[in-house]
>>> print(open('target_26.txt').read())   # compact mmCIF, C-alpha atoms
# COMPACT_ATOMS: atom_id res chain seq x y z
CA MET A 36 31.81 21.56 2.88
CA LYS A 37 28.18 20.86 1.98
CA ARG A 38 25.46 19.97 4.45
CA CYS A 39 22.43 17.77 3.70
CA PRO A 40 19.30 19.92 4.20
CA TYR A 41 17.45 16.93 5.71
CA CYS A 42 19.76 15.00 8.02
CA GLY A 43 22.55 17.57 8.45
CA ALA A 44 25.39 15.23 7.38
CA GLU A 45 28.44 17.00 5.93
CA TYR A 46 30.06 16.18 2.57
CA PRO A 47 32.89 17.55 0.39
CA ASP A 48 32.04 20.35 -2.04
CA ASP A 49 32.03 17.97 -5.04
CA ALA A 50 29.40 15.60 -3.53
CA GLU A 51 25.94 15.75 -5.13
CA VAL A 52 23.71 13.34 -3.16
CA CYS A 53 23.48 12.45 0.52
CA THR A 54 24.39 8.78 0.96
CA ILE A 55 22.14 8.45 4.03
CA ASP A 56 18.73 9.55 2.74
CA ARG A 57 19.48 10.21 -0.97
CA GLN A 58 18.67 13.89 -0.71
CA PRO A 59 20.27 16.23 -3.31
CA LEU A 60 22.93 18.44 -1.76
CA PRO A 61 22.92 22.21 -2.30
CA LYS A 62 24.88 23.57 -5.25
CA ARG A 63 26.97 25.90 -3.15
CA ALA A 64 28.79 25.43 0.11
CA ALA A 65 26.45 24.96 3.04
CA ASP A 66 25.62 27.73 5.44
CA PRO A 67 27.07 27.59 8.94
CA PRO A 68 25.85 24.64 11.03
CA PRO A 69 22.36 25.17 12.43
CA SER A 70 22.24 26.62 15.89
CA ALA A 71 19.71 26.09 18.62
CA ASN A 72 17.68 29.01 17.25
CA ARG A 73 17.80 27.83 13.64
CA LYS A 74 15.76 24.89 12.34
CA PRO A 75 16.99 22.65 9.49
CA VAL A 76 15.43 23.16 6.08
CA GLU A 77 12.30 21.03 5.64
CA LEU A 78 11.71 20.17 2.00
CA ALA A 79 8.37 19.05 0.53
CA PHE A 80 7.61 17.05 -2.57
CA PRO A 81 8.87 17.38 -5.34
CA ASP A 82 12.09 18.79 -3.84
CA TYR A 83 12.03 16.14 -1.15
CA LYS A 84 13.07 12.72 -2.48
CA TRP A 85 11.75 9.61 -0.77
CA SER A 86 13.99 6.92 0.69
CA ALA A 87 13.71 3.78 2.82
CA ARG A 88 14.01 6.07 5.82
CA ASP A 89 10.47 7.31 5.11
CA VAL A 90 9.19 3.73 4.93
CA TRP A 91 10.62 2.86 8.36
CA LYS A 92 8.88 5.93 9.75
CA TYR A 93 5.62 4.82 8.16
CA PHE A 94 5.94 1.29 9.56
CA GLY A 95 6.83 2.63 13.01
CA THR A 96 3.85 4.98 13.03
CA MET A 97 1.47 2.22 11.95
CA LEU A 98 2.83 -0.02 14.72
CA VAL A 99 2.25 2.67 17.33
CA LEU A 100 -1.25 3.36 16.00
CA GLY A 101 -1.98 -0.36 16.19
CA PHE A 102 -1.01 -0.45 19.87
CA ILE A 103 -3.20 2.57 20.54
CA LEU A 104 -6.27 1.76 18.46
CA SER A 105 -6.53 -1.99 19.11
CA PRO A 106 -7.30 -1.63 22.87
CA LEU A 107 -9.66 1.23 22.07
CA TYR A 108 -11.52 -0.88 19.53
CA TRP A 109 -11.65 -3.79 21.99
CA ALA A 110 -13.11 -1.52 24.68
CA LEU A 111 -15.76 -0.15 22.32
CA ARG A 112 -16.80 -3.66 21.27
CA ASN A 113 -17.08 -4.91 24.84
CA TYR A 114 -18.44 -1.92 26.76
CA ILE A 115 -20.72 -0.08 24.33
CA PRO A 116 -23.95 -2.02 23.70
CA GLY A 117 -24.52 -2.79 20.07
CA PHE A 118 -21.13 -1.55 18.91
CA HIS A 119 -19.93 -5.06 18.07
CA ASN A 120 -22.75 -5.28 15.53
CA THR A 121 -21.51 -2.32 13.48
CA GLN A 122 -19.76 -4.60 10.99
CA ALA A 123 -22.84 -6.80 10.68
CA SER A 124 -24.41 -4.26 8.33
CA GLY A 125 -23.13 -3.35 4.90
CA LEU A 126 -22.86 0.33 5.77
CA GLY A 127 -21.03 -0.39 9.02
CA TYR A 128 -18.54 -2.76 7.37
CA PHE A 129 -17.89 -0.35 4.50
CA SER A 130 -17.43 2.59 6.90
CA TRP A 131 -14.91 0.74 9.08
CA ARG A 132 -12.89 -0.41 6.06
CA LEU A 133 -12.91 3.12 4.64
CA LEU A 134 -11.73 4.53 7.98
CA ASP A 135 -8.97 1.92 8.20
CA TYR A 136 -7.70 2.64 4.69
CA GLY A 137 -8.06 6.39 5.24
CA ILE A 138 -5.77 6.32 8.28
CA ASP A 139 -3.15 4.33 6.36
CA LEU A 140 -3.30 6.77 3.46
CA LEU A 141 -3.01 9.86 5.65
CA VAL A 142 0.11 8.46 7.33
CA ALA A 143 1.65 7.66 3.93
CA ALA A 144 0.83 11.13 2.57
CA TYR A 145 2.38 12.73 5.67
CA PHE A 146 5.71 10.95 5.30
CA ALA A 147 5.62 11.51 1.54
CA ARG A 148 5.60 15.25 2.35
CA THR A 149 2.86 16.05 -0.12
CA GLU A 150 1.41 19.31 1.15
CA THR A 151 -1.25 19.87 -1.53
CA LEU A 152 -3.72 17.65 -3.37
CA ALA A 153 -1.94 18.42 -6.65
CA SER A 154 1.45 17.36 -5.28
CA PHE A 155 -0.10 14.22 -3.78
CA TRP A 156 -1.73 13.34 -7.10
CA ARG A 157 1.55 13.81 -8.92
CA ALA A 158 3.80 12.13 -6.35
CA PHE A 159 1.71 8.95 -6.20
CA GLY A 160 1.41 8.64 -9.99
CA LEU A 161 -2.31 9.37 -10.20
CA ASP A 162 -2.08 12.32 -12.59
CA ARG A 163 -1.13 10.20 -15.61
CA LYS A 164 -3.25 8.04 -17.91
CA PRO A 165 -2.68 4.27 -17.95
CA SER A 166 0.18 3.20 -20.20
CA ASN A 167 0.32 0.27 -22.61
CA TYR A 168 1.62 -1.85 -19.73
CA VAL A 169 -1.88 -1.87 -18.25
CA TRP A 170 -2.83 -4.73 -20.61
CA PHE A 171 0.10 -6.78 -19.38
CA GLY A 172 -1.12 -6.23 -15.83
CA VAL A 173 -4.70 -7.27 -16.65
CA VAL A 174 -3.61 -10.44 -18.50
CA ALA A 175 -1.08 -11.32 -15.76
CA ALA A 176 -3.74 -10.91 -13.04
CA LEU A 177 -6.13 -13.24 -14.90
CA GLY A 178 -3.32 -15.73 -15.52
CA ILE A 179 -2.32 -15.81 -11.86
CA ARG A 180 -5.95 -16.25 -10.79
CA THR A 181 -6.46 -19.04 -13.35
CA PHE A 182 -3.35 -20.86 -12.16
CA GLY A 183 -4.61 -20.70 -8.58
CA VAL A 184 -8.03 -22.02 -9.59
CA ILE A 185 -6.47 -24.99 -11.40
CA VAL A 186 -4.31 -25.89 -8.40
CA HIS A 187 -7.24 -25.57 -6.00
CA SER A 188 -9.72 -27.45 -8.19
CA HIS A 189 -7.36 -30.45 -8.40
CA GLY A 190 -7.03 -30.54 -4.61
CA TRP A 191 -3.31 -29.75 -4.64
CA SER A 192 -3.79 -26.94 -2.14
CA ARG A 193 -6.54 -25.94 0.24
CA GLY A 194 -8.37 -22.64 0.00
CA VAL A 195 -8.60 -20.07 2.74
CA GLY A 196 -12.27 -20.54 3.54
CA GLY A 197 -15.01 -17.97 3.08
CA VAL A 198 -14.20 -14.39 2.17
CA TYR A 199 -16.01 -12.06 4.57
CA ASP A 200 -17.00 -9.62 1.83
CA LEU A 201 -18.66 -12.35 -0.24
CA ASP A 202 -20.22 -13.99 2.82
CA GLY A 203 -21.75 -10.67 3.85
CA CYS A 204 -23.04 -10.05 0.34
CA ASN A 205 -24.61 -13.51 0.05
CA SER A 206 -26.32 -13.27 3.43
CA THR A 207 -27.78 -9.81 2.83
CA SER A 208 -30.55 -8.68 0.48
CA GLY A 209 -31.18 -5.40 -1.27
CA PRO A 210 -28.72 -2.63 -2.17
CA GLU A 211 -26.95 -3.05 1.18
CA ARG A 212 -25.30 -6.24 -0.05
CA TYR A 213 -23.14 -4.25 -2.45
CA LEU A 214 -21.61 -2.30 0.43
CA PHE A 215 -20.03 -5.58 1.57
CA LEU A 216 -18.38 -5.95 -1.83
CA ALA A 217 -17.20 -2.34 -2.17
CA PRO A 218 -14.11 -2.73 0.09
CA MET A 219 -12.82 -5.72 -1.91
CA LEU A 220 -13.78 -4.45 -5.36
CA LEU A 221 -13.02 -0.73 -5.02
CA LEU A 222 -11.33 0.33 -1.78
CA ALA A 223 -8.59 -2.33 -1.72
CA PRO A 224 -7.38 -1.78 -5.33
CA LEU A 225 -7.35 1.99 -4.93
CA PHE A 226 -5.97 2.44 -1.42
CA GLU A 227 -3.55 -0.48 -1.36
CA GLU A 228 -1.99 0.49 -4.69
CA VAL A 229 -1.67 4.14 -3.71
CA ILE A 230 0.05 3.18 -0.46
CA ASN A 231 2.03 0.08 -1.45
CA ARG A 232 3.13 0.92 -4.99
CA GLY A 233 2.54 4.66 -5.03
CA PHE A 234 4.58 5.37 -1.89
CA LEU A 235 6.22 2.38 -0.19
CA TYR A 236 7.76 0.81 -3.30
CA GLU A 237 8.91 4.17 -4.64
CA ALA A 238 10.47 5.03 -1.28
CA PHE A 239 12.29 1.70 -1.12
CA ARG A 240 13.56 2.33 -4.66
CA GLY A 241 15.12 5.53 -3.41
CA SER A 242 17.53 3.38 -1.37
CA PHE A 243 17.52 -0.14 -2.82
CA SER A 244 17.49 -2.10 -6.07
CA VAL A 245 14.35 -3.34 -7.84
CA VAL A 246 14.75 -6.87 -6.45
CA VAL A 247 15.29 -5.80 -2.85
CA SER A 248 12.45 -3.27 -3.00
CA THR A 249 10.09 -5.89 -4.43
CA LEU A 250 11.03 -8.39 -1.72
CA PHE A 251 10.28 -5.80 0.96
CA ILE A 252 6.83 -5.19 -0.56
CA ILE A 253 6.16 -8.94 -0.75
CA GLY A 254 6.99 -9.15 2.95
CA TRP A 255 4.64 -6.26 3.69
CA THR A 256 1.90 -7.97 1.64
CA ALA A 257 2.40 -11.17 3.65
CA VAL A 258 2.04 -9.26 6.92
CA ASN A 259 -1.23 -7.63 5.79
CA HIS A 260 -2.62 -10.87 4.31
CA TRP A 261 -1.26 -13.32 6.87
CA SER A 262 -4.64 -15.03 7.20
CA TYR A 263 -4.17 -16.13 3.58
CA TYR A 264 -0.43 -16.80 3.64
CA SER A 265 -0.64 -18.92 6.77
CA VAL A 266 -3.28 -21.41 5.58
CA SER A 267 -2.85 -21.84 1.81
CA TRP A 268 0.39 -22.03 -0.15
CA ILE A 269 -1.38 -21.30 -3.44
CA ALA A 270 -2.99 -18.17 -1.99
CA ALA A 271 0.44 -17.07 -0.74
CA LEU A 272 2.02 -17.79 -4.12
CA ASP A 273 -0.75 -16.01 -6.03
CA LEU A 274 -0.52 -12.87 -3.90
CA SER A 275 3.29 -12.88 -4.10
CA LEU A 276 3.24 -13.25 -7.89
CA LEU A 277 0.64 -10.49 -8.14
CA THR A 278 2.84 -8.25 -6.01
CA ILE A 279 5.81 -8.89 -8.31
CA VAL A 280 3.71 -7.98 -11.36
CA GLN A 281 2.48 -4.79 -9.68
CA CYS A 282 6.01 -3.72 -8.70
CA TYR A 283 7.12 -4.43 -12.28
CA LEU A 284 4.32 -2.22 -13.58
CA ARG A 285 5.30 0.56 -11.19
CA GLU A 286 8.90 0.28 -12.31
CA LYS A 287 8.02 0.44 -16.00
CA SER A 288 5.24 3.01 -15.94
CA ASP A 289 4.88 6.48 -14.44
CA SER A 290 1.14 5.87 -14.07
CA LEU A 291 -0.14 4.13 -10.95
CA TRP A 292 -3.35 3.33 -12.80
CA ASP A 293 -1.64 0.34 -14.42
CA CYS A 294 -1.23 -1.21 -10.96
CA ILE A 295 -4.75 -0.23 -9.92
CA PHE A 296 -6.37 -1.89 -12.95
CA CYS A 297 -4.25 -5.00 -12.40
CA HIS A 298 -5.49 -5.18 -8.80
CA LEU A 299 -9.08 -4.49 -9.88
CA THR A 300 -8.95 -7.35 -12.38
CA TYR A 301 -7.60 -9.78 -9.79
CA ASN A 302 -10.20 -8.90 -7.15
CA TRP A 303 -13.19 -8.70 -9.50
CA SER A 304 -12.37 -12.14 -10.90
CA LEU A 305 -13.15 -13.57 -7.46
CA LEU A 306 -16.84 -12.88 -8.08
CA PHE A 307 -16.91 -15.71 -10.59
CA LEU A 308 -15.25 -18.30 -8.35
CA SER A 309 -16.22 -20.51 -5.44
CA ASN A 310 -16.24 -18.70 -2.11
CA SER A 311 -13.91 -21.34 -0.67
CA TYR A 312 -11.04 -20.20 -2.88
CA TYR A 313 -9.00 -17.03 -2.74
>>> encode(input="target_26.txt", output="structure tokens")
Amino acid sequence: MKRCPYCGAEYPDDAEVCTIDRQPLPKRAADPPPSANRKPVELAFPDYKWSARDVWKYFGTMLVLGFILSPLYWALRNYIPGFHNTQASGLGYFSWRLLDYGIDLLVAAYFARTETLASFWRAFGLDRKPSNYVWFGVVAALGIRTFGVIVHSHGWSRGVGGVYDLDGCNSTSGPERYLFLAPMLLLAPLFEEVINRGFLYEAFRGSFSVVVSTLFIIGWTAVNHWSYYSVSWIAALDLSLLTIVQCYLREKSDSLWDCIFCHLTYNWSLLFLSNSYY
């Protein structure tokens, strides 16, 4: 009998992959079952292969952190004088967004079992140059944005109102105004692609088909952008189509930079549009 080094499930000697978490089984018969004094083998990337099980752990951890941090943030805003004004400045807004993305990324890296910077860079597809698919991603992002603009300009769908990043930029003078734009133009394309396509999509693909994995990521996108999905059908459609394109790029290319440049193109194009449309 063989034993999965991750979950401990037993399989016949001719089995090669664990059906529970898709981990490769050892070549030889497994050692005796682990005792109370013997811990199971803990693999790290690249030996450890991601599965949907890692995604559920990520979602669960983020839910717990939300329950913990939300009351803490509420208390700071209400009981520390001046704290509620931290996001009123460009530096404060940028710092909070960077902290928020940083926490998400650290949780993803933990469940991805990347123990070194080099393994993280490789696992998330950041160590490879953009492929030829990057041009498809750029053109698709512009096409999706153009389609949304046409629908909105004809009054067939409402917009989502002002975008906080642009509002902050327009109401601020000097170099500080660019700190309001940095989260939308730089942080979101980098961090969201590393987390959503670099880890979550790849982990789903370890357990499900392309279609199912893409649908899960669309659902996750809707949760994180519910303020857009809930008020404008064209904004919801645009973001869903963009997500499909990004998952397609991740499926076709080993480089995450294709997805990042696609996201960059989509977000930067907003600078040339009315602030009432997203």
>>> residues_around(input="target_26.txt", residues="Cys294 of chain A", least_positions_apart="3", cutoff="10 Å", atoms="all atoms listed in the file", output="list in words")
Pro165, Tyr168, Val169, Gly172, Val173, Pro224, Leu225, Glu227, Glu228, Val229, Arg232, Gly233, Leu277, Thr278, Val280, Gln281, Cys282, Tyr283, Leu284, Arg285, Ser288, Ser290, Leu291, Cys297, His298, Leu299 and Thr300 of chain A
>>> closest_residue(input="target_26.txt", among="A:Tyr108, A:Asp89, A:Leu134, A:Asp293", to="Phe171 of chain A", atoms="all atoms listed in the file")
A:Asp293
>>> closest_residue(input="target_26.txt", among="A:Phe251, A:Gly209, A:Ser244, A:Gly190", to="Ser267 of chain A", atoms="all atoms listed in the file")
A:Gly190
>>> residues_near_point(input="target_26.txt", point="(-2.8, -3.0, 11.3)", cutoff="9 Å", atoms="all atoms listed in the file", output="short mmCIF file (atom, residue, chain, number, x, y, z; two decimals) with C-alpha atoms, in the frame of the given file")
data_model
loop_
_atom_site.label_atom_id
_atom_site.label_comp_id
_atom_site.auth_asym_id
_atom_site.auth_seq_id
_atom_site.Cartn_x
_atom_site.Cartn_y
_atom_site.Cartn_z
CA MET A 97 1.47 2.22 11.95
CA LEU A 98 2.83 -0.02 14.72
CA LEU A 100 -1.25 3.36 16.00
CA GLY A 101 -1.98 -0.36 16.19
CA SER A 105 -6.53 -1.99 19.11
CA ASP A 135 -8.97 1.92 8.20
CA ASP A 139 -3.15 4.33 6.36
CA ASN A 259 -1.23 -7.63 5.79
#
>>> closest_residue(input="target_26.txt", among="A:Ile230, A:Leu133, A:Ala147, A:Leu308", to="Pro218 of chain A", atoms="only C-alpha atoms")
A:Leu133
>>> closest_residue(input="target_26.txt", among="A:Asp202, A:Asp289, A:Glu211, A:Asp273", to="Leu126 of chain A", atoms="only C-alpha atoms")
A:Glu211
>>> atom_distance(input="target_26.txt", atom1="atom CA of Phe215 of chain A", atom2="atom CA of Ser304 of chain A")
16.0 Å
>>> axis_aligned_box(input="target_26.txt", around="segment 259-267 of chain A", padding_each_side="4 Å", output="AutoDock Vina command-line options")
--center_x -2.5 --center_y -14.7 --center_z 4.5 --size_x 12.2 --size_y 22.2 --size_z 13.4
>>> residues_near_point(input="target_26.txt", point="(-3.5, -23.4, -6.4)", cutoff="8 Å", atoms="all atoms listed in the file", output="PyMOL selection string")
chain A and resi 182-188+191-193+268-270+273
>>> atom_distance(input="target_26.txt", atom1="atom CA of Phe80 of chain A", atom2="atom CA of Ser248 of chain A")
20.9 Å
>>> atom_distance(input="target_26.txt", atom1="atom CA of Val247 of chain A", atom2="atom CA of Leu272 of chain A")
17.9 Å
>>> decode(input="target_26.txt", residues="segment 267-284 of chain A", atoms="C-alpha atoms", output="PDB file, in the first residue's frame")
ATOM      1  CA  SER A 267     -24.280  48.204 -13.151  1.00  0.00           C
ATOM      2  CA  TRP A 268     -24.793  45.212 -15.425  1.00  0.00           C
ATOM      3  CA  ILE A 269     -22.238  46.499 -17.945  1.00  0.00           C
ATOM      4  CA  ALA A 270     -19.604  46.874 -15.219  1.00  0.00           C
ATOM      5  CA  ALA A 271     -20.369  43.315 -14.085  1.00  0.00           C
ATOM      6  CA  LEU A 272     -20.177  42.031 -17.661  1.00  0.00           C
ATOM      7  CA  ASP A 273     -16.939  43.890 -18.388  1.00  0.00           C
ATOM      8  CA  LEU A 274     -15.213  42.572 -15.268  1.00  0.00           C
ATOM      9  CA  SER A 275     -16.465  39.036 -15.932  1.00  0.00           C
ATOM     10  CA  LEU A 276     -15.246  39.119 -19.534  1.00  0.00           C
ATOM     11  CA  LEU A 277     -11.904  40.506 -18.391  1.00  0.00           C
ATOM     12  CA  THR A 278     -11.619  37.683 -15.860  1.00  0.00           C
ATOM     13  CA  ILE A 279     -12.283  35.102 -18.590  1.00  0.00           C
ATOM     14  CA  VAL A 280      -9.555  36.637 -20.765  1.00  0.00           C
ATOM     15  CA  GLN A 281      -7.091  36.644 -17.865  1.00  0.00           C
ATOM     16  CA  CYS A 282      -7.810  33.001 -17.005  1.00  0.00           C
ATOM     17  CA  TYR A 283      -7.368  32.129 -20.685  1.00  0.00           C
ATOM     18  CA  LEU A 284      -3.994  33.887 -20.692  1.00  0.00           C
TER      19      LEU A 284
END
